[in-house]
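Reproduced below: run.tsv, with TSV, C-alpha atoms.
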```tsv
chain	number	residue	atom	x	y	z
P	1	MET	CA	72.92	-74.37	-3.54
P	2	SER	CA	72.93	-78.07	-4.14
P	3	SER	CA	69.82	-78.60	-1.98
P	4	GLY	CA	68.04	-75.70	-3.65
P	5	SER	CA	68.85	-77.04	-7.09
P	6	ALA	CA	67.47	-80.42	-6.14
P	7	THR	CA	64.29	-78.77	-4.84
P	8	LYS	CA	63.84	-76.80	-8.06
P	9	ALA	CA	64.44	-79.88	-10.16
P	10	ALA	CA	61.85	-81.79	-8.20
P	11	LYS	CA	59.34	-78.95	-8.64
P	12	ALA	CA	60.08	-78.49	-12.34
P	13	PRO	CA	56.89	-78.95	-14.42
P	14	GLY	CA	56.60	-82.30	-16.20
P	15	ARG	CA	59.54	-83.99	-14.50
P	16	GLY	CA	57.50	-85.76	-11.91
P	17	LYS	CA	55.13	-87.00	-14.58
P	18	VAL	CA	57.97	-88.37	-16.68
P	19	ALA	CA	59.46	-90.15	-13.70
P	20	ALA	CA	56.13	-91.66	-12.77
P	21	GLY	CA	55.37	-92.58	-16.35
P	22	SER	CA	58.71	-94.32	-16.77
P	23	LYS	CA	57.59	-97.01	-14.30
P	24	LYS	CA	54.71	-98.07	-16.53
P	25	ARG	CA	55.28	-100.82	-19.12
P	26	LYS	CA	53.55	-101.01	-22.41
P	27	PRO	CA	51.59	-104.17	-23.23
P	28	GLY	CA	53.89	-106.66	-24.91
P	29	GLY	CA	57.00	-104.96	-23.55
P	30	SER	CA	60.07	-106.52	-22.01
P	31	GLY	CA	58.52	-107.57	-18.69
P	32	ILE	CA	57.27	-110.98	-17.62
P	33	HIS	CA	53.86	-110.42	-19.21
P	34	GLY	CA	55.50	-109.20	-22.40
P	35	ASN	CA	57.70	-112.29	-22.59
P	36	THR	CA	54.66	-114.52	-22.09
P	37	PHE	CA	52.79	-112.70	-24.85
P	38	TRP	CA	55.58	-113.14	-27.40
P	39	PHE	CA	56.11	-116.72	-26.32
P	40	TRP	CA	52.54	-117.61	-27.27
P	41	VAL	CA	52.78	-115.55	-30.47
P	42	PHE	CA	55.58	-117.79	-31.71
P	43	VAL	CA	54.66	-121.09	-30.05
P	44	GLY	CA	50.87	-120.86	-30.28
P	45	PRO	CA	50.55	-121.82	-33.98
P	46	PHE	CA	52.71	-124.90	-33.43
P	47	VAL	CA	50.68	-125.93	-30.38
P	48	ILE	CA	47.45	-125.55	-32.35
P	49	GLY	CA	48.94	-127.55	-35.21
P	50	MET	CA	50.01	-130.33	-32.83
P	51	LEU	CA	46.53	-130.47	-31.30
P	52	VAL	CA	44.68	-130.48	-34.62
P	53	PHE	CA	46.98	-132.70	-36.69
P	54	ALA	CA	48.52	-134.99	-34.06
P	55	TYR	CA	46.75	-135.37	-30.73
P	56	LEU	CA	43.15	-135.17	-31.94
P	57	PRO	CA	43.72	-137.83	-34.66
P	58	ILE	CA	45.38	-140.07	-32.05
P	59	LEU	CA	42.42	-139.72	-29.71
P	60	TRP	CA	39.94	-140.34	-32.53
P	61	SER	CA	41.97	-143.36	-33.62
P	62	LEU	CA	41.65	-144.71	-30.08
P	63	VAL	CA	37.88	-144.24	-30.28
P	64	LEU	CA	37.67	-145.90	-33.71
P	65	SER	CA	39.61	-148.94	-32.48
P	66	PHE	CA	36.65	-149.93	-30.28
P	67	PHE	CA	34.04	-149.65	-33.06
P	68	GLU	CA	33.24	-151.34	-36.32
P	69	ALA	CA	34.33	-148.57	-38.65
P	70	GLN	CA	34.38	-149.86	-42.21
P	71	ASN	CA	34.04	-147.16	-44.87
P	72	THR	CA	33.18	-144.57	-42.23
P	73	VAL	CA	34.85	-142.34	-39.64
P	74	THR	CA	31.67	-141.91	-37.55
P	75	PRO	CA	30.90	-145.47	-36.36
P	76	SER	CA	27.99	-146.52	-34.17
P	77	ASN	CA	28.49	-150.27	-33.63
P	78	PHE	CA	30.64	-150.82	-30.52
P	79	VAL	CA	32.72	-154.03	-30.70
P	80	GLY	CA	35.01	-153.59	-27.70
P	81	LEU	CA	38.38	-155.34	-28.00
P	82	GLN	CA	37.41	-157.39	-31.06
P	83	ASN	CA	39.49	-155.26	-33.44
P	84	TYR	CA	42.55	-155.80	-31.26
P	85	ILE	CA	41.93	-159.55	-31.15
P	86	ASP	CA	41.52	-159.64	-34.93
P	87	MET	CA	44.81	-157.81	-35.48
P	88	LEU	CA	46.76	-159.91	-32.98
P	89	THR	CA	45.53	-163.09	-34.70
P	90	ASP	CA	45.99	-161.73	-38.23
P	91	ARG	CA	48.81	-163.64	-39.94
P	92	ASN	CA	49.52	-160.79	-42.32
P	93	PHE	CA	49.93	-158.31	-39.48
P	94	LEU	CA	52.20	-160.67	-37.54
P	95	SER	CA	54.17	-161.27	-40.73
P	96	SER	CA	54.61	-157.53	-41.15
P	97	LEU	CA	56.05	-157.36	-37.63
P	98	GLY	CA	58.46	-160.10	-38.64
P	99	THR	CA	59.46	-158.07	-41.70
P	100	PHE	CA	60.21	-155.14	-39.45
P	101	SER	CA	62.30	-157.32	-37.14
P	102	ILE	CA	64.48	-158.44	-40.06
P	103	PHE	CA	64.77	-154.88	-41.33
P	104	ALA	CA	65.75	-153.60	-37.87
P	105	LEU	CA	68.25	-156.43	-37.51
P	106	PHE	CA	70.02	-155.10	-40.61
P	107	ILE	CA	69.55	-151.36	-40.36
P	108	VAL	CA	70.13	-150.61	-36.66
P	109	PRO	CA	73.63	-152.11	-36.18
P	110	LEU	CA	74.79	-151.04	-39.66
P	111	THR	CA	73.65	-147.46	-39.14
P	112	PHE	CA	75.22	-147.32	-35.70
P	113	ALA	CA	78.59	-148.72	-36.78
P	114	LEU	CA	78.90	-146.80	-40.06
P	115	SER	CA	77.74	-143.45	-38.67
P	116	LEU	CA	80.16	-143.77	-35.75
P	117	ALA	CA	83.00	-144.67	-38.13
P	118	LEU	CA	82.20	-141.68	-40.34
P	119	ALA	CA	82.07	-139.40	-37.30
P	120	LEU	CA	85.48	-140.59	-36.11
P	121	LEU	CA	87.00	-140.08	-39.56
P	122	VAL	CA	85.46	-136.66	-40.20
P	123	ASN	CA	86.25	-135.43	-36.69
P	124	GLN	CA	89.96	-136.12	-37.24
P	125	VAL	CA	90.13	-134.32	-40.57
P	126	LYS	CA	92.12	-131.10	-40.21
P	127	ILE	CA	91.44	-129.59	-43.64
P	128	ALA	CA	87.98	-128.97	-45.16
P	129	ARG	CA	86.17	-130.57	-42.22
P	130	ALA	CA	83.00	-128.56	-42.89
P	131	PHE	CA	83.04	-129.73	-46.51
P	132	PHE	CA	83.08	-133.42	-45.57
P	133	ARG	CA	80.36	-132.88	-43.00
P	134	SER	CA	78.18	-131.28	-45.63
P	135	VAL	CA	78.88	-134.01	-48.18
P	136	PHE	CA	77.83	-136.82	-45.84
P	137	PHE	CA	74.91	-134.87	-44.35
P	138	LEU	CA	73.48	-133.72	-47.70
P	139	PRO	CA	71.51	-136.95	-48.46
P	140	THR	CA	69.37	-136.38	-45.35
P	141	ALA	CA	67.76	-133.46	-47.19
P	142	CYS	CA	66.59	-135.79	-49.97
P	143	SER	CA	63.03	-137.09	-49.95
P	144	TYR	CA	62.58	-140.78	-49.15
P	145	VAL	CA	60.20	-141.06	-52.09
P	146	VAL	CA	62.66	-139.52	-54.55
P	147	ALA	CA	65.56	-141.62	-53.26
P	148	SER	CA	63.45	-144.80	-53.46
P	149	LEU	CA	62.49	-144.07	-57.06
P	150	ILE	CA	66.14	-143.43	-57.97
P	151	TRP	CA	67.12	-146.74	-56.38
P	152	LYS	CA	64.27	-148.51	-58.18
P	153	LEU	CA	64.62	-147.00	-61.65
P	154	SER	CA	68.37	-146.43	-61.92
P	155	VAL	CA	70.40	-148.45	-59.44
P	156	PHE	CA	68.52	-151.69	-58.66
P	157	ASN	CA	66.04	-151.87	-61.54
P	158	GLY	CA	66.88	-155.51	-62.25
P	159	VAL	CA	67.77	-155.09	-65.94
P	160	ARG	CA	71.12	-155.20	-67.66
P	161	PHE	CA	71.44	-151.42	-67.87
P	162	GLY	CA	70.91	-150.82	-64.16
P	163	LEU	CA	73.89	-149.49	-62.23
P	164	ALA	CA	74.14	-152.44	-59.84
P	165	ASN	CA	73.87	-155.06	-62.61
P	166	THR	CA	76.32	-153.11	-64.76
P	167	VAL	CA	78.95	-153.22	-62.00
P	168	LEU	CA	78.30	-156.91	-61.41
P	169	GLY	CA	78.62	-157.52	-65.14
P	170	TRP	CA	82.19	-156.21	-65.04
P	171	PHE	CA	83.03	-159.18	-62.81
P	172	GLY	CA	81.11	-161.69	-64.91
P	173	VAL	CA	78.10	-161.98	-62.58
P	174	ASP	CA	74.70	-162.49	-64.17
P	175	GLN	CA	72.04	-159.83	-63.74
P	176	ILE	CA	69.88	-160.00	-60.63
P	177	ALA	CA	66.18	-159.18	-60.25
P	178	TRP	CA	66.77	-157.19	-57.09
P	179	LEU	CA	63.19	-156.22	-56.20
P	180	SER	CA	61.35	-159.37	-57.28
P	181	SER	CA	63.75	-162.11	-56.21
P	182	ILE	CA	62.44	-163.97	-53.17
P	183	ASP	CA	64.86	-166.88	-53.12
P	184	PRO	CA	67.43	-165.57	-52.34
P	185	PRO	CA	65.83	-162.39	-50.91
P	186	TRP	CA	67.88	-159.81	-52.83
P	187	TYR	CA	65.24	-157.15	-52.17
P	188	TRP	CA	66.85	-156.48	-48.79
P	189	VAL	CA	69.89	-154.97	-50.52
P	190	PRO	CA	68.07	-151.96	-52.05
P	191	LEU	CA	65.83	-151.57	-48.99
P	192	VAL	CA	68.74	-151.39	-46.57
P	193	THR	CA	71.13	-149.37	-48.75
P	194	VAL	CA	68.64	-146.61	-49.53
P	195	ARG	CA	67.89	-146.17	-45.83
P	196	LEU	CA	71.60	-146.15	-45.00
P	197	TRP	CA	72.32	-143.54	-47.67
P	198	LEU	CA	69.55	-141.29	-46.38
P	199	GLN	CA	70.19	-141.39	-42.64
P	200	LEU	CA	73.91	-141.98	-42.08
P	201	GLY	CA	74.71	-138.27	-42.25
P	202	PHE	CA	72.17	-137.37	-39.56
P	203	TYR	CA	73.51	-139.85	-37.02
P	204	MET	CA	77.07	-138.94	-37.98
P	205	ILE	CA	76.36	-135.35	-36.90
P	206	LEU	CA	75.02	-136.60	-33.56
P	207	PHE	CA	78.19	-138.61	-32.96
P	208	ILE	CA	80.40	-135.68	-33.97
P	209	ALA	CA	78.61	-133.50	-31.42
P	210	GLY	CA	79.26	-136.17	-28.79
P	211	LEU	CA	82.92	-136.46	-29.76
P	212	GLN	CA	83.46	-132.72	-29.44
P	213	ARG	CA	82.12	-132.80	-25.88
P	214	ILE	CA	84.86	-135.20	-24.73
P	215	SER	CA	87.54	-133.34	-22.79
P	216	PRO	CA	91.04	-133.52	-24.38
P	217	THR	CA	92.50	-133.97	-20.89
P	218	LEU	CA	91.07	-137.50	-20.80
P	219	TYR	CA	93.11	-138.45	-23.85
P	220	GLU	CA	96.21	-136.73	-22.45
P	221	ALA	CA	95.86	-138.65	-19.18
P	222	ALA	CA	95.42	-141.90	-21.09
P	223	TYR	CA	98.60	-141.28	-23.09
P	224	VAL	CA	100.50	-140.52	-19.90
P	225	ASP	CA	99.28	-143.82	-18.42
P	226	GLY	CA	100.61	-145.67	-21.46
P	227	ALA	CA	97.44	-146.24	-23.48
P	228	ARG	CA	98.07	-146.87	-27.16
P	229	PRO	CA	96.40	-144.71	-29.81
P	230	GLY	CA	93.75	-146.61	-31.72
P	231	TRP	CA	91.64	-149.39	-30.28
P	232	GLN	CA	92.61	-148.91	-26.62
P	233	ILE	CA	91.78	-145.20	-26.65
P	234	PHE	CA	88.51	-145.88	-28.47
P	235	ARG	CA	87.54	-148.77	-26.18
P	236	TYR	CA	88.30	-147.18	-22.83
P	237	ILE	CA	87.90	-143.44	-23.46
P	238	THR	CA	85.86	-142.57	-26.55
P	239	LEU	CA	83.12	-145.22	-26.46
P	240	PRO	CA	82.25	-144.84	-22.73
P	241	GLN	CA	82.06	-141.07	-23.14
P	242	LEU	CA	79.65	-141.54	-26.05
P	243	ARG	CA	77.21	-143.66	-24.06
P	244	ALA	CA	74.41	-141.10	-23.95
P	245	THR	CA	74.79	-140.30	-27.65
P	246	SER	CA	74.95	-144.01	-28.53
P	247	VAL	CA	71.73	-144.80	-26.68
P	248	ALA	CA	69.98	-141.84	-28.33
P	249	VAL	CA	71.11	-143.04	-31.76
P	250	LEU	CA	69.88	-146.57	-31.06
P	251	LEU	CA	66.50	-145.31	-29.82
P	252	LEU	CA	65.94	-142.98	-32.75
P	253	ASN	CA	67.09	-145.61	-35.22
P	254	LEU	CA	64.82	-148.31	-33.81
P	255	ILE	CA	61.78	-146.03	-33.81
P	256	ALA	CA	62.55	-144.90	-37.37
P	257	ALA	CA	62.83	-148.53	-38.47
P	258	TYR	CA	59.38	-149.27	-37.02
P	259	GLN	CA	58.01	-146.33	-38.99
P	260	ALA	CA	59.51	-147.48	-42.30
P	261	PHE	CA	57.02	-146.88	-45.09
P	262	ASP	CA	58.27	-144.83	-48.06
P	263	GLU	CA	61.10	-147.08	-49.21
P	264	PHE	CA	59.05	-150.27	-48.85
P	265	TYR	CA	55.98	-148.85	-50.55
P	266	ASN	CA	57.87	-147.24	-53.43
P	267	LEU	CA	60.35	-150.06	-54.02
P	268	ILE	CA	58.17	-153.15	-53.50
P	269	GLY	CA	54.62	-151.89	-53.06
P	270	ASN	CA	52.16	-154.04	-51.13
P	271	ALA	CA	53.97	-157.32	-51.73
P	272	ASN	CA	53.38	-159.63	-48.78
P	273	TYR	CA	56.97	-160.98	-48.77
P	274	ALA	CA	58.36	-157.61	-47.62
P	275	ARG	CA	55.61	-155.55	-46.06
P	276	PRO	CA	56.29	-153.61	-42.83
P	277	PRO	CA	53.46	-152.79	-40.36
P	278	LEU	CA	52.73	-149.30	-41.71
P	279	VAL	CA	52.33	-150.55	-45.28
P	280	TYR	CA	49.92	-153.26	-44.15
P	281	LEU	CA	47.95	-150.84	-41.96
P	282	TYR	CA	47.80	-148.42	-44.89
P	283	SER	CA	46.34	-151.13	-47.12
P	284	ILE	CA	43.73	-151.99	-44.49
P	285	SER	CA	42.69	-148.44	-43.62
P	286	LEU	CA	42.95	-146.68	-46.97
P	287	GLY	CA	42.94	-149.56	-49.46
P	288	SER	CA	39.99	-151.43	-50.89
P	289	ILE	CA	38.84	-152.64	-47.46
P	290	GLN	CA	38.92	-149.26	-45.67
P	291	ASP	CA	38.49	-150.86	-42.27
P	292	LEU	CA	39.44	-147.93	-40.04
P	293	GLY	CA	38.52	-149.81	-36.87
P	294	ARG	CA	41.03	-152.61	-37.40
P	295	GLY	CA	43.57	-150.18	-38.85
P	296	SER	CA	43.35	-147.97	-35.76
P	297	ALA	CA	43.71	-150.97	-33.47
P	298	GLY	CA	46.80	-152.11	-35.38
P	299	ALA	CA	48.31	-148.63	-35.23
P	300	LEU	CA	47.85	-148.47	-31.45
P	301	ILE	CA	49.32	-151.95	-31.05
P	302	LEU	CA	52.33	-150.78	-33.04
P	303	ALA	CA	52.61	-147.65	-30.86
P	304	VAL	CA	52.55	-149.78	-27.70
P	305	ILE	CA	55.26	-152.08	-29.11
P	306	ILE	CA	57.47	-149.07	-29.92
P	307	MET	CA	56.88	-147.66	-26.43
P	308	VAL	CA	57.72	-150.96	-24.71
P	309	LEU	CA	60.88	-151.49	-26.75
P	310	THR	CA	61.97	-147.90	-26.09
P	311	LEU	CA	61.49	-148.27	-22.34
P	312	LEU	CA	63.23	-151.64	-22.39
P	313	GLN	CA	66.18	-150.22	-24.26
P	314	ASN	CA	66.24	-147.28	-21.88
P	315	ARG	CA	66.28	-149.72	-18.96
P	316	ILE	CA	69.14	-151.75	-20.42
P	317	PHE	CA	71.42	-148.93	-21.57
P	318	GLY	CA	70.46	-146.35	-18.93
P	319	PHE	CA	69.62	-143.38	-21.15
P	320	GLY	CA	69.95	-140.07	-19.34
P	321	LYS	CA	72.33	-141.32	-16.66
P	322	ALA	CA	75.61	-139.57	-16.10
P	323	ASN	CA	78.69	-141.06	-17.68
P	324	ASP	CA	80.89	-143.10	-15.36
```
Let me see the structure of the file written as structure tokens.
Amino acid sequence: MSSGSATKAAKAPGRGKVAAGSKKRKPGGSGIHGNTFWFWVFVGPFVIGMLVFAYLPILWSLVLSFFEAQNTVTPSNFVGLQNYIDMLTDRNFLSSLGTFSIFALFIVPLTFALSLALALLVNQVKIARAFFRSVFFLPTACSYVVASLIWKLSVFNGVRFGLANTVLGWFGVDQIAWLSSIDPPWYWVPLVTVRLWLQLGFYMILFIAGLQRISPTLYEAAYVDGARPGWQIFRYITLPQLRATSVAVLLLNLIAAYQAFDEFYNLIGNANYARPPLVYLYSISLGSIQDLGRGSAGALILAVIIMVLTLLQNRIFGFGKAND
């Protein structure tokens, strides 16, 4: 009876068609082709945006750097490497690179040390840890332009009613023209502090993620071997295990320092005593001169410098290598 039932089931009308039809997949289904289709549905707009708003402008900037392109984006006079020579011999451009070097000298080690310290403190908090993470991370959501204007108009405005001068007045210190004082260069205080306030939380989160990846057994073994809590544990366990995160933080921080624009432009403007490369290139390309050829050459020189420093730092610190 079992064989007869199977024969009847096989001969039943419509069953064979259903079985055969079940092997077919609809377009955009769950197969390989369907996954590829939905991949491009979600990723395609971003790829198109990258091509139109990133890669094509970079390529056109490369083309413009070899032409005399003043007040035009469709040049016809080929000048070769002259724009690069002009930028590399331009005192203002070289001075802007010096301004960046001073800014990076302040901002990179301070950001690294303070964000790591915050991460260590927040990671050891047992109560309301998420609250403290949110408090320190919240400034990263603030616009650089808005933060710069708050620093300029309320905190370091240089008058007696500014917050910084008010606090100094409590200790009998005379008011300071923070943004216009060249000797001594007090303008570095608002420039550095606004960047620290805006980015510390982001790098703190990176360090916290690195700290949570460290196995607790390493600390237990160190305690068994007689290591003291505090500096010894940090020096021989925590810091070596954070090598990959530390190098990533240094790379991101250095690149971000090279791209500094908003705080300089909104706090000081186009003043030549504190003008980073992007502010100077902005004044050349989109200011009264509108020399897009020289501006493009300067931008590519800056990109090459960032690339070389990134590779050099990668070579020194060994980014991507496994922890010892």
inquiry  = Which residues are near Asn83 of chain P? Cut-off 12 Å, only C-alpha atoms, ignore same chain within fewer than 4 positions. Put them as a ChimeraX atom specification.
reply    = /P:62-70,78-79,87-90,291-301
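The interatomic distance for the pair atom CA of Val173 of chain P and atom CA of Phe161 of chain P works out to 13.6 Å.
Between atom CA of Ile268 of chain P and atom CA of Leu179 of chain P lies a distance of 6.5 Å.
Remark: for Leu254 of chain P, the closest of the candidate residues P:Pro277, P:Gly80, P:Pro109, P:Pro45 is P:Pro109 (distances computed over only C-alpha atoms).
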Got a sec: who's within 12 Å of Phe100 of chain P, counting all atoms listed in the file, leaving out chain neighbours fewer than 6 positions off, as a tab-separated table (two decimals) with C-alpha atoms, keeping the file's coordinate frame?
```tsv
chain	number	residue	atom	x	y	z
P	93	PHE	CA	49.93	-158.31	-39.48
P	94	LEU	CA	52.20	-160.67	-37.54
P	106	PHE	CA	70.02	-155.10	-40.61
P	107	ILE	CA	69.55	-151.36	-40.36
P	108	VAL	CA	70.13	-150.61	-36.66
P	188	TRP	CA	66.85	-156.48	-48.79
P	191	LEU	CA	65.83	-151.57	-48.99
P	192	VAL	CA	68.74	-151.39	-46.57
P	254	LEU	CA	64.82	-148.31	-33.81
P	255	ILE	CA	61.78	-146.03	-33.81
P	256	ALA	CA	62.55	-144.90	-37.37
P	257	ALA	CA	62.83	-148.53	-38.47
P	258	TYR	CA	59.38	-149.27	-37.02
P	259	GLN	CA	58.01	-146.33	-38.99
P	260	ALA	CA	59.51	-147.48	-42.30
P	261	PHE	CA	57.02	-146.88	-45.09
P	264	PHE	CA	59.05	-150.27	-48.85
P	273	TYR	CA	56.97	-160.98	-48.77
P	274	ALA	CA	58.36	-157.61	-47.62
P	275	ARG	CA	55.61	-155.55	-46.06
P	276	PRO	CA	56.29	-153.61	-42.83
P	277	PRO	CA	53.46	-152.79	-40.36
P	278	LEU	CA	52.73	-149.30	-41.71
P	279	VAL	CA	52.33	-150.55	-45.28
P	280	TYR	CA	49.92	-153.26	-44.15
P	302	LEU	CA	52.33	-150.78	-33.04
P	305	ILE	CA	55.26	-152.08	-29.11
P	306	ILE	CA	57.47	-149.07	-29.92
```
ask   = Within 9 Å of Trp197 of chain P, counting all atoms listed in the file, which residues qualify if same-chain residues fewer than 5 places away don't, as a count of residues only?
value = 5
Could you build a table of the residues in segment 24-134 of chain P lying no more than 8 Å from segment 201-207 of chain P, giving for each the nearest pair of atoms and their separation in Å rounded to one decimal place, using only C-alpha atoms, ordered by chain and ascending residue number, as a Markdown table?
```
| residue | atom | partner | partner_atom | distance |
| --- | --- | --- | --- | --- |
| P:Thr111 | CA | P:Tyr203 | CA | 7.9 |
| P:Phe112 | CA | P:Tyr203 | CA | 7.8 |
| P:Ser115 | CA | P:Met204 | CA | 4.6 |
| P:Leu116 | CA | P:Met204 | CA | 6.2 |
| P:Leu118 | CA | P:Met204 | CA | 6.3 |
| P:Ala119 | CA | P:Met204 | CA | 5.1 |
| P:Arg133 | CA | P:Ile205 | CA | 7.7 |
```
inquiry  = So that I can see what lies close to Ala164 of chain P, please list as a PyMOL selection string the residues with an atom at most 10 Å from it, counting all atoms listed in the file and leaving out residues fewer than 4 positions away in the same chain.
reply    = chain P and resi 151+154-160+168-169+175-176+178+190
request  = Please identify all polymer residues within 8 Å of Val145 of chain P, counting only C-alpha atoms, omitting same-chain residues fewer than 3 positions from it, and present them as a PyMOL selection string.
outcome  = chain P and resi 148-149+262-263+266
task = For atom CA of Leu200 of chain P and atom CA of Leu121 of chain P, determine how far apart the two atoms are, in Å to one decimal place.
result = 13.5 Å
Could you put an axis-aligned box around every listed atom of segment 121-139 of chain P, padded by 5 Å on each side, and send me its centre and edge lengths in Å to one decimal, as lines of an AutoDock Vina configuration file?
```
center_x = 81.8
center_y = -134.3
center_z = -42.6
size_x = 30.6
size_y = 21.5
size_z = 21.8
```
key: Which of P:Arg91, P:Ser283, P:Leu251, P:Phe46 sits closest to Val308 of chain P [using only C-alpha atoms]   = P:Leu251
